[in-house]
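*Asks:* Quick one: structure below, then a few questions.
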Amino acid sequence: MRLLDVRDYCKSFTIHHLQRAVPAFDGLNFTLDEGEFLLVRGPNGVGKSTLLRCLYRSYRPTGGQANYHSRHGWIDLAAAADVDMALLRQDEIGFVTQFLRPRPRVTALELVAEPLLAQGQTQDAAEAAAAAMLDVFGLKPELWSAYPTTFSGGEQQKVNLARALIRPRRLLLLDEPTASLDKPTRTALAARLGELKRAGVAMIGVLHHPEDVAGLVDQELALALPAGAPALPDVTELVENLDAHR
Amino acid sequence: MNRLMTLTAPFAQEQQSGYAYGFLDEFAKRELRRTMLKAVAIPGYQVPYASRELPIARGWGTGGLQVTLSMAGPESVIKVIDQGADDSVNAANLRRFLARMTGASTTTDTLHATLIQSRHRIPEERLAEGQALILQVPDPEPLRRVQPDISQARIMHADADYSQMWLTLYEQLVHFGRFMQGASYPCLVHGRYVMSPSPIPRWDTPKLHQAAHLTLLSAGREKRLYAVPPYTDVRPLEFDDVFFQVENQATWVCRQTGARYKFMNEIPQADGSVAYELSDTGYAAKLAAARAGTPVPIGPTYFDDKGEFYHAGFLKS
Amino acid sequence: MPVSSSPNGAARAQAVQPDMGIALQAPRLMPHAPILQVTGVEKSYGRIRALNAVDVIVYPGEILGIVGESGSGKSTLLRMLNLEELPDRGDYRLNVPGVRSDNLFELDRLPRRDIQIRHIGIVYQHPHLGLRMRNTSSGNVAERLIMTGERNFARLRAAASGALAASEFPLARMDDLPVRLSGGMQQRVQLAKAIALRPALLLLDEPTSGLDVSVQAAVLDTLKRLQRETRVTMILVSHDLGVIRTLADRVMVMRHGEVVEMGLTDQILEDPQAAYTQQLVHAKL
């Protein structure tokens, strides 16, 4: 069944300070069915992450539509009210990055259980599920009740994946989740994604190591730089540029 | 000549010398009477009034004195007590002044008095219908300790917002395990206004509840007058599970009369011990006379000889 | 293809038009009506216009962040949401059982105060605004129950310690005066007081601004847990974007008494639309 229908999708950043617009992508069209995996390819700076963020509405797209078939009916993600987006993020659309945002004094188990608790699950059920999830990604049990603020990068990523994938979703946006994972964790992630796919979860992935998910990909979307346009710098670069201009 | 003029004829002399009947001029007395009527109409509500100059200093009973002067007539029988005593210098002076300025007669017997002006006590013998108790009040505002801003306090009264009073009681229980307020124990009058019953001891506070007599409370310095009309509810603030209690003087015996379960003065002795005497001297004098064989009518008291309050069940334990 | 379901009249105000791009639609998936709906708030102090045509719409269980520099009107707005102060113009509805559907700004003082006590809790940046410093911590909390007529000492104690425990305040110190407590603990007492009557709306005015970073994180965690467990709707005013990012679902950006931009928290922080928001977010990075 059709889950997502993206048409004439555009994004450009308006930098008021510089009084100029930086285009990211223009006129994208694609569709996605339940259980399908869409791999987004393209050179660095072409706006792959930007596309995911626009769909998740961390960025506001500037043109076109992204009609999504939610449990409650069709809705255009490009124009949905903020509160509707918040609901979809809660129940249907997940975003997986490689970065964990640990908070002081919060244990790994608590951090992973949080999305379930937010959904109203009981403490016991949520913690049991969190433990199972941490196990899937291979975090040593002795670290479960430790604080991720003190973890190594690799350990933080395991917690991050467990947290991002613990809640059942209908659409997962994968923003280079495997970028710097060790091999066993990458394998565990691929296995988990495969399970989810078989359960009907659709995914759009931007991956450093596409070979990790090779067996899962159903279609590919190749993004290319608009003719003559400079590559889109990533956000931190943009900000640094801004700083330089101040 | 009408009856009042006949009765007040002996004062014509003084009027010529510049004094009105009852010392205060007629307009002042009229204002006070209006204020009293308003106070009676709104039990526990502090009515402001223009406190007049008197030949005693503010803070020495001018509030009570103005009320008594405005109520007294030549047929009145006036009793003045100070901390229960008829014979203290202040009580004696006020009594003499009142008698001279109104031609009223005076007494120390609670049962005979029509007007009782008092500082800090309510007599032990029950007051009856037709009697008026006039309490001198130093500080009429029960909210003062929690809200020093008078205009804010007035708003709180208007809103019946007394939660800070309960909070004060809460804090006392937390810190000391009991209510610490000794005198001026705050009471809710007629279910509406919280009032300070003047610094009467806790012992006297329940006597105001559903009393047969009229109580007028007047603060001359603060220019506020309030009242508890006869048969009005006056409930000391308390919790559902922690009750207001009067002073426990169960073991104290009056050394002159042998009386118990009445409010006592503590008299330190030279040897370091303590003796006790009835605070209510009028009542003590009658008990002493009865002991000596002189038949004196003694009225029923608020607390009986076993310490039981006359409104059974009002004081919980 | 898109569903054409109930147009939500309230939501019109929420569709903040960015400088360019796609205008947002009215909510159509949100199953609840807004719990708080404030429209057209205006307030001037003399010639200074503190609030101009401000709308706030919040749905049950949301945490709305309000950011802006000092003087942007965010704290003034919060005082009005707490019914401490009235605007020159404006409409305020709270969709809570027991609250009449009138404009709360137009209620008489007494019913207004009653709604404030029962349905709204507030935590101020400065504890002395929210606490009676000469009363015990537990007393500060118990007073909220006294205000609604609780006259049972044992129940007051139980409720006070319950609310303090929910705020993760160390109960051994529940009868200490707030002046003896650290800043973080004072904020916990304020929080306990604010939630003692289980309000529908919790207002937070720079709740962690005066605190050390580690204490701040701990207090924010308490707030997060509380929100999760009680589903209380929160409005959080802060100039600290880190605090906003940690707690808020949506953010409203204010400047010179006007709403500059509104959006999901990550969108406001990562793809701000308005020039002012870009400047604000940028200054923070």
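By convention in this document, the chains of the structure tokens carry letters A, B, ... by their order, each chain's residues are numbered from 1, and ligands are numbered from 1 in the order they are shown.
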Hey, list the chain A side of the contact with chain C: 7 Å cut-off, only C-alpha atoms, answer as a PyMOL selection string.
*Replies:* chain A and resi 16+57-63+72-76+79-84+104+118
*Asks:* List the neighbours of A:Glu155 out to 12 Å using only C-alpha atoms; skip same-chain residues closer than 2 positions along the sequence, and give me the result as an NGL selection string.
*Replies:* :A and (98-100 or 102 or 108 or 134 or 137-141 or 143-144 or 146-153 or 157-162 or 180-182 or 185)
*Asks:* Please provide the set of residues having any atom within 7 Å of stretch 210-218 of chain B, restricted to only C-alpha atoms, with same-chain residues fewer than 3 positions apart removed, written as a PyMOL selection string.
*Replies:* chain B and resi 63-64+127-137+207+224-233
*Asks:* To one decimal in Å, tell me the separation between atom CA of A:Val6 and atom CA of C:Glu261.
*Replies:* 26.2 Å
*Asks:* Would you list the contacts of C:Val219 as a compact mmCIF listing (two decimals) with all heavy atoms, in the first residue's frame, taking every protein, DNA or RNA residue within 12 Å and counting only C-alpha atoms, but skipping same-chain residues closer than 2 positions in sequence?
*Replies:*
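Okay, this is what ended up in result_10.txt:
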```txt
# COMPACT_ATOMS: atom_id res chain seq x y z
N ARG A 103 21.75 12.87 28.55
CA ARG A 103 21.54 13.92 29.54
C ARG A 103 22.19 13.47 30.84
O ARG A 103 22.20 12.28 31.17
CB ARG A 103 20.04 14.15 29.75
CG ARG A 103 19.34 14.66 28.51
CD ARG A 103 18.01 15.29 28.84
NE ARG A 103 17.19 14.44 29.69
CZ ARG A 103 16.39 13.49 29.23
NH1 ARG A 103 16.31 13.25 27.95
NH2 ARG A 103 15.68 12.77 30.05
N PRO A 104 22.77 14.42 31.56
CA PRO A 104 23.42 14.06 32.81
C PRO A 104 22.44 13.34 33.73
O PRO A 104 21.25 13.67 33.72
CB PRO A 104 23.82 15.41 33.43
CG PRO A 104 23.66 16.42 32.36
CD PRO A 104 22.76 15.87 31.32
N ARG A 105 22.93 12.37 34.48
CA ARG A 105 22.12 11.72 35.53
C ARG A 105 21.01 10.85 34.97
O ARG A 105 20.11 10.46 35.69
CB ARG A 105 21.50 12.80 36.45
CG ARG A 105 21.98 12.74 37.87
CD ARG A 105 21.19 13.68 38.74
NE ARG A 105 19.81 13.79 38.35
CZ ARG A 105 18.78 13.89 39.19
NH1 ARG A 105 19.00 13.88 40.47
NH2 ARG A 105 17.56 14.03 38.76
N VAL C 123 6.10 28.33 38.34
CA VAL C 123 7.43 28.34 38.96
C VAL C 123 8.16 29.55 38.41
O VAL C 123 8.30 29.70 37.20
CB VAL C 123 8.22 27.06 38.63
CG1 VAL C 123 9.64 27.14 39.20
CG2 VAL C 123 7.50 25.83 39.17
N ALA C 166 7.36 14.07 44.64
CA ALA C 166 7.22 14.07 43.17
C ALA C 166 8.18 15.06 42.53
O ALA C 166 8.59 14.89 41.38
CB ALA C 166 5.77 14.41 42.79
N SER C 167 8.54 16.11 43.28
CA SER C 167 9.50 17.08 42.76
C SER C 167 10.93 16.67 43.10
O SER C 167 11.85 17.47 42.93
CB SER C 167 9.22 18.46 43.36
OG SER C 167 7.91 18.84 43.10
N GLU C 168 11.08 15.47 43.63
CA GLU C 168 12.39 14.93 43.99
C GLU C 168 13.13 15.84 44.98
O GLU C 168 14.33 16.08 44.88
CB GLU C 168 13.22 14.67 42.72
CG GLU C 168 12.62 13.54 41.91
CD GLU C 168 13.22 13.39 40.52
OE1 GLU C 168 14.18 14.09 40.22
OE2 GLU C 168 12.69 12.56 39.75
N PHE C 169 12.35 16.29 45.94
CA PHE C 169 12.91 17.10 47.03
C PHE C 169 13.21 16.15 48.19
O PHE C 169 12.40 15.27 48.50
CB PHE C 169 11.87 18.15 47.45
CG PHE C 169 12.31 19.04 48.57
CD1 PHE C 169 12.97 20.23 48.31
CD2 PHE C 169 12.07 18.69 49.90
CE1 PHE C 169 13.37 21.06 49.35
CE2 PHE C 169 12.47 19.51 50.94
CZ PHE C 169 13.13 20.69 50.66
N GLY C 183 19.62 26.81 45.76
CA GLY C 183 18.76 27.30 44.69
C GLY C 183 17.97 26.20 44.01
O GLY C 183 16.79 26.34 43.74
N GLY C 184 18.63 25.06 43.77
CA GLY C 184 17.95 23.96 43.10
C GLY C 184 16.81 23.41 43.95
O GLY C 184 15.73 23.11 43.44
N MET C 185 17.06 23.32 45.26
CA MET C 185 16.01 22.80 46.13
C MET C 185 14.87 23.79 46.26
O MET C 185 13.70 23.39 46.35
CB MET C 185 16.60 22.47 47.50
CG MET C 185 17.36 21.17 47.50
SD MET C 185 17.41 20.45 49.14
CE MET C 185 19.06 20.86 49.62
N GLN C 186 15.19 25.07 46.25
CA GLN C 186 14.12 26.08 46.30
C GLN C 186 13.21 25.93 45.08
O GLN C 186 11.99 26.01 45.21
CB GLN C 186 14.71 27.49 46.33
CG GLN C 186 15.36 27.84 47.65
CD GLN C 186 16.01 29.21 47.64
OE1 GLN C 186 16.24 29.79 46.59
NE2 GLN C 186 16.32 29.73 48.81
N GLN C 187 13.82 25.68 43.92
CA GLN C 187 13.00 25.50 42.72
C GLN C 187 12.13 24.26 42.84
O GLN C 187 11.01 24.22 42.35
CB GLN C 187 13.86 25.42 41.46
CG GLN C 187 14.60 26.71 41.13
CD GLN C 187 13.71 27.95 41.12
OE1 GLN C 187 13.23 28.40 42.15
NE2 GLN C 187 13.49 28.50 39.94
N ARG C 188 12.66 23.23 43.51
CA ARG C 188 11.85 22.01 43.70
C ARG C 188 10.67 22.28 44.62
O ARG C 188 9.59 21.71 44.45
CB ARG C 188 12.72 20.88 44.24
CG ARG C 188 13.71 20.39 43.20
CD ARG C 188 14.56 19.25 43.73
NE ARG C 188 15.63 18.95 42.79
CZ ARG C 188 15.45 18.24 41.68
NH1 ARG C 188 14.26 17.73 41.41
NH2 ARG C 188 16.46 18.02 40.87
N VAL C 189 10.88 23.14 45.62
CA VAL C 189 9.76 23.49 46.50
C VAL C 189 8.71 24.26 45.69
O VAL C 189 7.51 24.00 45.79
CB VAL C 189 10.23 24.34 47.70
CG1 VAL C 189 9.03 24.71 48.56
CG2 VAL C 189 11.26 23.60 48.52
N GLN C 190 9.19 25.19 44.87
CA GLN C 190 8.25 25.92 44.01
C GLN C 190 7.47 24.97 43.12
O GLN C 190 6.26 25.11 42.94
CB GLN C 190 9.01 26.89 43.09
CG GLN C 190 9.34 28.22 43.70
CD GLN C 190 9.45 29.28 42.61
OE1 GLN C 190 8.46 29.79 42.11
NE2 GLN C 190 10.67 29.62 42.24
N LEU C 191 8.19 24.00 42.59
CA LEU C 191 7.54 23.03 41.70
C LEU C 191 6.49 22.22 42.46
O LEU C 191 5.37 22.02 41.99
CB LEU C 191 8.61 22.13 41.08
CG LEU C 191 8.11 21.10 40.08
CD1 LEU C 191 7.42 21.78 38.92
CD2 LEU C 191 9.27 20.24 39.58
N ALA C 192 6.88 21.77 43.66
CA ALA C 192 5.94 20.99 44.47
C ALA C 192 4.69 21.80 44.76
O ALA C 192 3.57 21.30 44.69
CB ALA C 192 6.61 20.55 45.78
N LEU C 204 6.25 27.90 33.60
CA LEU C 204 7.62 27.92 34.11
C LEU C 204 8.32 29.15 33.56
O LEU C 204 8.51 29.28 32.35
CB LEU C 204 8.35 26.64 33.65
CG LEU C 204 7.65 25.33 33.99
CD1 LEU C 204 8.15 24.20 33.10
CD2 LEU C 204 7.87 24.97 35.44
N GLU C 206 11.63 30.87 33.35
CA GLU C 206 13.07 30.74 33.54
C GLU C 206 13.37 29.88 34.78
O GLU C 206 14.08 30.31 35.69
CB GLU C 206 13.72 32.12 33.74
CG GLU C 206 13.43 33.11 32.63
CD GLU C 206 14.42 33.03 31.47
OE1 GLU C 206 15.23 32.07 31.48
OE2 GLU C 206 14.35 33.88 30.57
N PRO C 207 12.82 28.66 34.84
CA PRO C 207 12.87 27.91 36.11
C PRO C 207 14.27 27.51 36.54
O PRO C 207 14.50 27.24 37.71
CB PRO C 207 12.01 26.67 35.82
CG PRO C 207 12.10 26.51 34.34
CD PRO C 207 12.17 27.90 33.78
N THR C 208 15.21 27.47 35.61
CA THR C 208 16.53 26.97 35.99
C THR C 208 17.62 28.00 35.72
O THR C 208 18.80 27.68 35.76
CB THR C 208 16.86 25.69 35.20
OG1 THR C 208 16.82 25.98 33.80
CG2 THR C 208 15.90 24.58 35.50
N SER C 209 17.21 29.24 35.48
CA SER C 209 18.20 30.22 35.04
C SER C 209 19.25 30.55 36.08
O SER C 209 20.38 30.86 35.75
CB SER C 209 17.50 31.51 34.62
OG SER C 209 16.77 31.28 33.46
N GLY C 210 18.87 30.49 37.36
CA GLY C 210 19.84 30.88 38.37
C GLY C 210 20.70 29.72 38.86
O GLY C 210 21.44 29.87 39.82
N LEU C 211 20.59 28.57 38.22
CA LEU C 211 21.19 27.36 38.80
C LEU C 211 22.49 26.95 38.10
O LEU C 211 22.70 27.26 36.93
CB LEU C 211 20.20 26.20 38.71
CG LEU C 211 18.82 26.47 39.31
CD1 LEU C 211 17.93 25.26 39.11
CD2 LEU C 211 18.93 26.81 40.78
N ASP C 212 23.33 26.23 38.84
CA ASP C 212 24.52 25.63 38.23
C ASP C 212 24.09 24.66 37.14
O ASP C 212 23.00 24.09 37.20
CB ASP C 212 25.30 24.81 39.27
CG ASP C 212 25.93 25.72 40.29
OD1 ASP C 212 26.00 26.92 40.02
OD2 ASP C 212 26.33 25.21 41.35
N VAL C 213 24.98 24.42 36.21
CA VAL C 213 24.62 23.59 35.07
C VAL C 213 24.16 22.19 35.49
O VAL C 213 23.15 21.69 35.00
CB VAL C 213 25.82 23.48 34.10
CG1 VAL C 213 25.43 22.63 32.91
CG2 VAL C 213 26.23 24.86 33.63
N SER C 214 24.87 21.57 36.44
CA SER C 214 24.50 20.21 36.81
C SER C 214 23.16 20.20 37.55
O SER C 214 22.33 19.31 37.35
CB SER C 214 25.59 19.59 37.67
OG SER C 214 25.70 20.32 38.88
N VAL C 215 22.94 21.21 38.39
CA VAL C 215 21.67 21.30 39.11
C VAL C 215 20.54 21.56 38.11
O VAL C 215 19.46 20.99 38.18
CB VAL C 215 21.72 22.42 40.16
CG1 VAL C 215 20.40 22.52 40.89
CG2 VAL C 215 22.86 22.20 41.12
N GLN C 216 20.85 22.41 37.14
CA GLN C 216 19.89 22.72 36.10
C GLN C 216 19.44 21.45 35.38
O GLN C 216 18.25 21.21 35.21
CB GLN C 216 20.53 23.68 35.10
CG GLN C 216 19.62 24.09 33.98
CD GLN C 216 20.29 25.09 33.06
OE1 GLN C 216 21.42 24.90 32.64
NE2 GLN C 216 19.61 26.16 32.77
N ALA C 217 20.41 20.62 35.02
CA ALA C 217 20.08 19.38 34.31
C ALA C 217 19.18 18.50 35.17
O ALA C 217 18.22 17.91 34.67
CB ALA C 217 21.37 18.64 33.95
N ASP C 221 15.38 17.34 34.32
CA ASP C 221 14.99 15.92 34.30
C ASP C 221 13.72 15.69 35.11
O ASP C 221 12.83 14.95 34.70
CB ASP C 221 16.11 15.07 34.88
CG ASP C 221 16.95 14.45 33.78
OD1 ASP C 221 16.54 14.58 32.61
OD2 ASP C 221 17.98 13.86 34.09
N THR C 222 13.67 16.33 36.27
CA THR C 222 12.47 16.21 37.10
C THR C 222 11.25 16.70 36.33
O THR C 222 10.20 16.06 36.32
CB THR C 222 12.64 17.02 38.39
OG1 THR C 222 13.80 16.56 39.08
CG2 THR C 222 11.42 16.86 39.28
N LEU C 223 11.41 17.84 35.67
CA LEU C 223 10.29 18.39 34.92
C LEU C 223 9.85 17.43 33.81
O LEU C 223 8.66 17.21 33.59
CB LEU C 223 10.68 19.74 34.30
CG LEU C 223 10.79 20.90 35.29
CD1 LEU C 223 11.42 22.12 34.63
CD2 LEU C 223 9.40 21.27 35.84
N LYS C 224 10.82 16.85 33.14
CA LYS C 224 10.53 15.92 32.05
C LYS C 224 9.76 14.71 32.56
O LYS C 224 8.77 14.28 31.98
CB LYS C 224 11.85 15.47 31.43
CG LYS C 224 11.89 15.61 29.91
CD LYS C 224 13.24 15.16 29.39
CE LYS C 224 13.10 14.59 28.00
NZ LYS C 224 12.82 15.61 26.97
N ARG C 225 10.26 14.16 33.69
CA ARG C 225 9.62 12.98 34.24
C ARG C 225 8.19 13.31 34.69
O ARG C 225 7.25 12.56 34.45
CB ARG C 225 10.44 12.46 35.43
CG ARG C 225 9.92 11.15 36.00
CD ARG C 225 10.64 10.78 37.27
NE ARG C 225 10.72 11.88 38.21
CZ ARG C 225 9.70 12.30 38.95
NH1 ARG C 225 8.53 11.69 38.86
NH2 ARG C 225 9.84 13.31 39.77
N LEU C 226 8.07 14.47 35.31
CA LEU C 226 6.76 14.90 35.79
C LEU C 226 5.77 15.04 34.65
O LEU C 226 4.62 14.62 34.73
CB LEU C 226 6.94 16.27 36.45
CG LEU C 226 5.97 16.63 37.52
CD1 LEU C 226 6.15 15.71 38.70
CD2 LEU C 226 6.22 18.07 37.94
N VAL C 243 17.80 24.76 27.35
CA VAL C 243 16.66 24.36 28.18
C VAL C 243 15.45 24.09 27.29
O VAL C 243 14.75 23.08 27.44
CB VAL C 243 16.33 25.47 29.21
CG1 VAL C 243 15.03 25.18 29.93
CG2 VAL C 243 17.48 25.62 30.20
N THR C 246 15.80 20.83 25.45
CA THR C 246 15.61 19.67 26.31
C THR C 246 14.14 19.40 26.60
O THR C 246 13.72 18.26 26.66
CB THR C 246 16.35 19.89 27.65
OG1 THR C 246 17.69 20.26 27.36
CG2 THR C 246 16.31 18.65 28.50
N LEU C 247 13.35 20.45 26.76
CA LEU C 247 11.99 20.23 27.24
C LEU C 247 10.88 20.44 26.20
O LEU C 247 9.92 19.70 26.19
CB LEU C 247 11.70 21.18 28.41
CG LEU C 247 12.24 20.79 29.78
CD1 LEU C 247 11.77 21.80 30.82
CD2 LEU C 247 11.78 19.41 30.18
```
*Asks:* I need the chain C residues near chain B as a ChimeraX atom specification; criterion: at most 8 Å, counting only C-alpha atoms.
*Replies:* /C:110,135-136,139,142-143,146-147,151-154,175
*Asks:* Could you pull out the alpha helix (DSSP H) residues of stretch 10-226 of chain C, going by DSSP on the backbone, and write them as a ChimeraX atom specification?
*Replies:* /C:74-81,109-119,127-130,137-147,153-166,183-195,213-226
*Asks:* Write out as an mmCIF file with N, CA and C atoms, in the first residue's frame the residues lying within 8 Å of B:Thr68, counting only C-alpha atoms and excluding same-chain residues fewer than 6 positions away.
*Replies:*
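Heads up, here's the output in result.cif:
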```cif
data_model
loop_
_atom_site.group_PDB
_atom_site.id
_atom_site.type_symbol
_atom_site.label_atom_id
_atom_site.label_comp_id
_atom_site.auth_asym_id
_atom_site.auth_seq_id
_atom_site.Cartn_x
_atom_site.Cartn_y
_atom_site.Cartn_z
ATOM 1 N N LEU B 98 -16.002 57.109 84.235
ATOM 2 C CA LEU B 98 -17.300 56.774 83.631
ATOM 3 C C LEU B 98 -18.443 57.205 84.541
ATOM 4 N N LEU B 115 -23.142 47.123 81.724
ATOM 5 C CA LEU B 115 -22.017 47.323 80.806
ATOM 6 C C LEU B 115 -20.739 46.868 81.502
ATOM 7 N N GLN B 117 -16.817 46.897 80.866
ATOM 8 C CA GLN B 117 -15.645 47.220 80.044
ATOM 9 C C GLN B 117 -14.475 46.427 80.577
ATOM 10 N N ILE B 134 -17.659 45.038 76.747
ATOM 11 C CA ILE B 134 -16.901 45.932 75.872
ATOM 12 C C ILE B 134 -15.422 45.631 76.065
#
```
*Asks:* Could you go through stretch 69-203 of chain A and tell me which residues DSSP, when run on the backbone, assigns to strand (DSSP E), listing them as a PyMOL selection string?
*Replies:* chain A and resi 69-70+73-76+93-96+171-175+202-203
*Asks:* Just the residues within 10 Å of A:Glu92, please, counting only C-alpha atoms, with nothing from its chain fewer than 5 positions along; format it as an NGL selection string.
*Replies:* :A and (70-71 or 85-87 or 167-172 or 201)
*Asks:* Can you tell me, as a list in words, what residues are no more than 10 Å from A:Ser49 when counting only C-alpha atoms, ignoring any on the same chain fewer than 3 positions away?
*Replies:*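 The residues that qualify are Val40, Asn44, Gly45, Val46, Leu52, Arg53, Cys54, Leu55, Thr97, Leu173, Leu174, Asp175, Glu176, Gly205, Val206, Leu207 and Asp234 of chain A.
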*Asks:* Please produce an output containing N, CA and C atoms for each residue in the selection, written as a compact mmCIF listing (two decimals), in the first residue's frame.
*Replies:*
```txt
# COMPACT_ATOMS: atom_id res chain seq x y z
N VAL A 40 18.76 6.75 -0.62
CA VAL A 40 19.04 8.04 -1.24
C VAL A 40 20.55 8.14 -1.47
N ASN A 44 28.49 14.16 -1.66
CA ASN A 44 28.39 14.97 -0.45
C ASN A 44 27.83 16.35 -0.76
N GLY A 45 27.01 16.86 0.14
CA GLY A 45 26.51 18.21 0.00
C GLY A 45 25.37 18.34 -0.99
N VAL A 46 24.81 17.21 -1.40
CA VAL A 46 23.76 17.28 -2.40
C VAL A 46 22.38 17.45 -1.75
N LEU A 52 15.73 14.15 4.27
CA LEU A 52 15.17 13.43 5.42
C LEU A 52 14.62 14.41 6.46
N ARG A 53 15.40 15.46 6.70
CA ARG A 53 14.98 16.43 7.72
C ARG A 53 13.73 17.19 7.28
N CYS A 54 13.59 17.41 6.00
CA CYS A 54 12.37 18.07 5.52
C CYS A 54 11.16 17.16 5.74
N LEU A 55 11.36 15.86 5.45
CA LEU A 55 10.23 14.94 5.65
C LEU A 55 9.85 14.86 7.12
N THR A 97 19.58 8.98 13.73
CA THR A 97 20.86 9.57 13.36
C THR A 97 21.97 8.78 14.04
N LEU A 173 13.24 7.20 9.01
CA LEU A 173 14.18 8.01 8.24
C LEU A 173 15.56 7.77 8.84
N LEU A 174 16.45 7.18 8.02
CA LEU A 174 17.75 6.78 8.55
C LEU A 174 18.81 7.73 8.02
N ASP A 175 19.35 8.56 8.92
CA ASP A 175 20.31 9.56 8.50
C ASP A 175 21.72 9.11 8.90
N GLU A 176 22.35 8.32 8.02
CA GLU A 176 23.69 7.80 8.23
C GLU A 176 23.88 7.18 9.61
N GLY A 205 16.69 5.79 3.56
CA GLY A 205 18.00 5.78 4.18
C GLY A 205 19.04 6.58 3.43
N VAL A 206 19.86 7.28 4.20
CA VAL A 206 21.07 7.88 3.67
C VAL A 206 22.19 7.17 4.40
N LEU A 207 23.03 6.45 3.65
CA LEU A 207 23.99 5.57 4.34
C LEU A 207 25.39 5.71 3.77
N ASP A 234 27.31 21.51 4.73
CA ASP A 234 26.44 21.02 5.80
C ASP A 234 26.21 22.16 6.80
```
*Asks:* Work out how far atom CA of C:Arg113 is from atom CA of C:Thr39, in Å to one decimal.
*Replies:* 20.6 Å
